[in-house]
Amino acid sequence: MQRTLLKLLNRHPFAAYCVLAFALSWAAWLPIVFAGQSVGVGVRPSHFPGLLGPMLAALIITASTGGRIGLRELLARMGRWRVPLRWYAVALSPLAFLTVAVLFIRATGGAVPVLADFGRMGGLPEAGVLGVWALLVLVNGFGEETGWRGYATSGLLRRSGPLGASLRVALVWAAWHLPLFFFVESFQGFQPALIPGFFVAMACGAIVLTWLFTSSGGSVLMVALWHGTYNLASGTAAAHGGLDAMVSGLVMAQAAVIVLFVWQVQLPRTRTSAENAASSIRRGTDVAIRE
């Protein structure tokens, strides 16, 4: 039985990863949905434990198919901090988007959020701005990005290329969020007509994160920093009055630039970088994610 399961994992690791990531996260979220509870600022229960599902799934599948060597490589990527400083700047770029959005709101006479509001987010204790940012990076950032970029995207890069890998992961990534629409306050505000926009936003986010991931040599730390910083700018109590929409719009513009100029003009070099990142994170194993 164990040998059969291992053979199945090696033959369909991407599908196995997705099933396990959904199972682990939804096992934490569905009881909240069925209980009719809601998560908002200062409200419990929290949806954050479920955000660890992608990371746990990546670690389990990697350990099962790649053994100690594969697991060690993935853990090394999670802590990879020796990258050129420009990639730290990219990882923290949502702060620049936030600044642009706040300046625009102020220039148009809108209500500018106060700093304390960035330290308040549904599902997290009111730990101040730096405390909430740290929790977002650790739980939201590493919890998701170890799986979506560190495992899933890296395995699809060689076969699908950076754009194809981004879009395939984005589709699954967006569907994974489905239970959150039923009990997380920030998701409950979505009107049905806005759901297609959510999928587009996820695709654009995946493109930016794939570019950052491959350009930084497969650093999960860099994409975790970006993810956590983006959620600080767009998911806290401060993200009202169109602030979240403006930050998301700037991310979409960033994704468009990457697709139209970076990945097209520098396509050969981009493919080489993507393949190197995929090979590096899979070093010591013969496993490549495939259908």
# chains A, B, ... in the order shown; residues from 1 in each chain; ligands from 1
>>> residues_around(residues="Thr229 in chain A", least_positions_apart="5", cutoff="12 Å", atoms="only C-alpha atoms", output="number ranges by chain")
A: 88-98, 118, 129-130, 132-138, 140-141, 222-224, 234-236, 247
>>> write_last_selection(atoms="N, CA and C atoms", output="PDB file, in the first residue's frame")
ATOM      1  N   TYR A  88      15.212  42.565  -2.458  1.00  0.00           N
ATOM      2  CA  TYR A  88      14.553  43.001  -1.228  1.00  0.00           C
ATOM      3  C   TYR A  88      13.655  44.196  -1.525  1.00  0.00           C
ATOM      4  N   ALA A  89      14.132  45.085  -2.396  1.00  0.00           N
ATOM      5  CA  ALA A  89      13.325  46.249  -2.771  1.00  0.00           C
ATOM      6  C   ALA A  89      12.043  45.808  -3.462  1.00  0.00           C
ATOM      7  N   VAL A  90      12.140  44.803  -4.340  1.00  0.00           N
ATOM      8  CA  VAL A  90      10.946  44.282  -5.007  1.00  0.00           C
ATOM      9  C   VAL A  90      10.028  43.611  -3.985  1.00  0.00           C
ATOM     10  N   ALA A  91      10.616  42.854  -3.068  1.00  0.00           N
ATOM     11  CA  ALA A  91       9.814  42.156  -2.062  1.00  0.00           C
ATOM     12  C   ALA A  91       9.019  43.130  -1.197  1.00  0.00           C
ATOM     13  N   LEU A  92       9.549  44.316  -0.993  1.00  0.00           N
ATOM     14  CA  LEU A  92       8.871  45.326  -0.173  1.00  0.00           C
ATOM     15  C   LEU A  92       8.146  46.363  -1.020  1.00  0.00           C
ATOM     16  N   SER A  93       8.069  46.130  -2.331  1.00  0.00           N
ATOM     17  CA  SER A  93       7.450  47.102  -3.242  1.00  0.00           C
ATOM     18  C   SER A  93       5.975  47.407  -2.936  1.00  0.00           C
ATOM     19  N   PRO A  94       5.209  46.484  -2.316  1.00  0.00           N
ATOM     20  CA  PRO A  94       3.837  46.886  -1.955  1.00  0.00           C
ATOM     21  C   PRO A  94       3.773  48.122  -1.067  1.00  0.00           C
ATOM     22  N   LEU A  95       4.851  48.397  -0.314  1.00  0.00           N
ATOM     23  CA  LEU A  95       4.875  49.620   0.485  1.00  0.00           C
ATOM     24  C   LEU A  95       4.904  50.851  -0.412  1.00  0.00           C
ATOM     25  N   ALA A  96       5.622  50.747  -1.540  1.00  0.00           N
ATOM     26  CA  ALA A  96       5.641  51.855  -2.498  1.00  0.00           C
ATOM     27  C   ALA A  96       4.263  52.030  -3.125  1.00  0.00           C
ATOM     28  N   PHE A  97       3.598  50.910  -3.455  1.00  0.00           N
ATOM     29  CA  PHE A  97       2.240  50.984  -4.002  1.00  0.00           C
ATOM     30  C   PHE A  97       1.291  51.634  -2.991  1.00  0.00           C
ATOM     31  N   LEU A  98       1.471  51.263  -1.730  1.00  0.00           N
ATOM     32  CA  LEU A  98       0.641  51.833  -0.671  1.00  0.00           C
ATOM     33  C   LEU A  98       0.851  53.344  -0.571  1.00  0.00           C
ATOM     34  N   PHE A 118      -3.297  49.887  10.303  1.00  0.00           N
ATOM     35  CA  PHE A 118      -2.501  48.847   9.652  1.00  0.00           C
ATOM     36  C   PHE A 118      -2.073  47.767  10.645  1.00  0.00           C
ATOM     37  N   VAL A 129       1.561  47.650  14.094  1.00  0.00           N
ATOM     38  CA  VAL A 129       1.879  47.506  12.672  1.00  0.00           C
ATOM     39  C   VAL A 129       2.988  46.485  12.452  1.00  0.00           C
ATOM     40  N   LEU A 130       4.086  46.612  13.172  1.00  0.00           N
ATOM     41  CA  LEU A 130       5.211  45.688  12.971  1.00  0.00           C
ATOM     42  C   LEU A 130       4.843  44.272  13.393  1.00  0.00           C
ATOM     43  N   VAL A 132       1.782  42.861  13.378  1.00  0.00           N
ATOM     44  CA  VAL A 132       0.888  42.287  12.379  1.00  0.00           C
ATOM     45  C   VAL A 132       1.664  41.959  11.107  1.00  0.00           C
ATOM     46  N   TRP A 133       2.570  42.847  10.694  1.00  0.00           N
ATOM     47  CA  TRP A 133       3.377  42.583   9.498  1.00  0.00           C
ATOM     48  C   TRP A 133       4.203  41.308   9.680  1.00  0.00           C
ATOM     49  N   ALA A 134       4.820  41.138  10.855  1.00  0.00           N
ATOM     50  CA  ALA A 134       5.626  39.937  11.116  1.00  0.00           C
ATOM     51  C   ALA A 134       4.761  38.680  11.051  1.00  0.00           C
ATOM     52  N   LEU A 135       3.559  38.729  11.628  1.00  0.00           N
ATOM     53  CA  LEU A 135       2.655  37.578  11.594  1.00  0.00           C
ATOM     54  C   LEU A 135       2.206  37.281  10.159  1.00  0.00           C
ATOM     55  N   LEU A 136       1.970  38.334   9.384  1.00  0.00           N
ATOM     56  CA  LEU A 136       1.569  38.141   7.990  1.00  0.00           C
ATOM     57  C   LEU A 136       2.678  37.475   7.189  1.00  0.00           C
ATOM     58  N   VAL A 137       3.905  37.880   7.410  1.00  0.00           N
ATOM     59  CA  VAL A 137       5.025  37.274   6.688  1.00  0.00           C
ATOM     60  C   VAL A 137       5.211  35.820   7.105  1.00  0.00           C
ATOM     61  N   LEU A 138       5.161  35.561   8.407  1.00  0.00           N
ATOM     62  CA  LEU A 138       5.425  34.217   8.916  1.00  0.00           C
ATOM     63  C   LEU A 138       4.308  33.236   8.575  1.00  0.00           C
ATOM     64  N   ASN A 140       1.010  34.009   6.797  1.00  0.00           N
ATOM     65  CA  ASN A 140       0.434  34.198   5.464  1.00  0.00           C
ATOM     66  C   ASN A 140       1.503  34.001   4.385  1.00  0.00           C
ATOM     67  N   GLY A 141       2.670  34.611   4.589  1.00  0.00           N
ATOM     68  CA  GLY A 141       3.731  34.548   3.589  1.00  0.00           C
ATOM     69  C   GLY A 141       4.328  33.157   3.438  1.00  0.00           C
ATOM     70  N   MET A 222      11.882  35.732  -0.154  1.00  0.00           N
ATOM     71  CA  MET A 222      11.551  36.952  -0.882  1.00  0.00           C
ATOM     72  C   MET A 222      10.050  37.020  -1.195  1.00  0.00           C
ATOM     73  N   VAL A 223       9.475  35.911  -1.656  1.00  0.00           N
ATOM     74  CA  VAL A 223       8.047  35.945  -1.997  1.00  0.00           C
ATOM     75  C   VAL A 223       7.184  35.994  -0.748  1.00  0.00           C
ATOM     76  N   ALA A 224       7.675  35.429   0.361  1.00  0.00           N
ATOM     77  CA  ALA A 224       6.937  35.528   1.627  1.00  0.00           C
ATOM     78  C   ALA A 224       6.914  36.971   2.114  1.00  0.00           C
ATOM     79  N   SER A 234      -3.140  45.849   1.859  1.00  0.00           N
ATOM     80  CA  SER A 234      -4.464  45.702   1.244  1.00  0.00           C
ATOM     81  C   SER A 234      -5.472  44.904   2.061  1.00  0.00           C
ATOM     82  N   GLY A 235      -5.051  44.287   3.165  1.00  0.00           N
ATOM     83  CA  GLY A 235      -5.961  43.413   3.894  1.00  0.00           C
ATOM     84  C   GLY A 235      -6.241  43.808   5.329  1.00  0.00           C
ATOM     85  N   THR A 236      -5.606  44.868   5.813  1.00  0.00           N
ATOM     86  CA  THR A 236      -5.822  45.288   7.192  1.00  0.00           C
ATOM     87  C   THR A 236      -7.030  46.228   7.285  1.00  0.00           C
ATOM     88  N   VAL A 247      -4.080  49.538  -4.564  1.00  0.00           N
ATOM     89  CA  VAL A 247      -2.866  48.733  -4.409  1.00  0.00           C
ATOM     90  C   VAL A 247      -2.913  47.530  -5.346  1.00  0.00           C
TER      91      VAL A 247
END
>>> select_by_dssp(residues="range 110-206 of chain A", states="helix (DSSP H, G or I)", output="PyMOL selection string")
chain A and resi 115-119+128-176+178-182+185-188+192-206
>>> closest_residue(among="A:Leu124, A:Ala21, A:Ala152, A:Ile61", to="Gly218 in chain A", atoms="only C-alpha atoms")
A:Ala152
>>> atom_distance(atom1="CA of Gly242 in chain A", atom2="CA of Pro113 in chain A")
11.0 Å
>>> closest_residue(among="A:Arg120, A:Phe34, A:Phe104, A:Gly143", to="Leu59 in chain A", atoms="only C-alpha atoms")
A:Gly143
>>> residues_around(residues="Arg82 in chain A", least_positions_apart="3", cutoff="12 Å", atoms="only C-alpha atoms", output="PyMOL selection string")
chain A and resi 76-79+85-88+216-222
>>> residues_around(residues="Gln254 in chain A", least_positions_apart="6", cutoff="10 Å", atoms="only C-alpha atoms", output="number ranges by chain")
A: 204-205, 207-208, 248
>>> atom_distance(atom1="CA of Phe22 in chain A", atom2="CA of Glu144 in chain A")
11.6 Å
>>> closest_residue(among="A:Glu126, A:Ala238, A:Ala27, A:Leu74", to="His47 in chain A", atoms="only C-alpha atoms")
A:Ala27
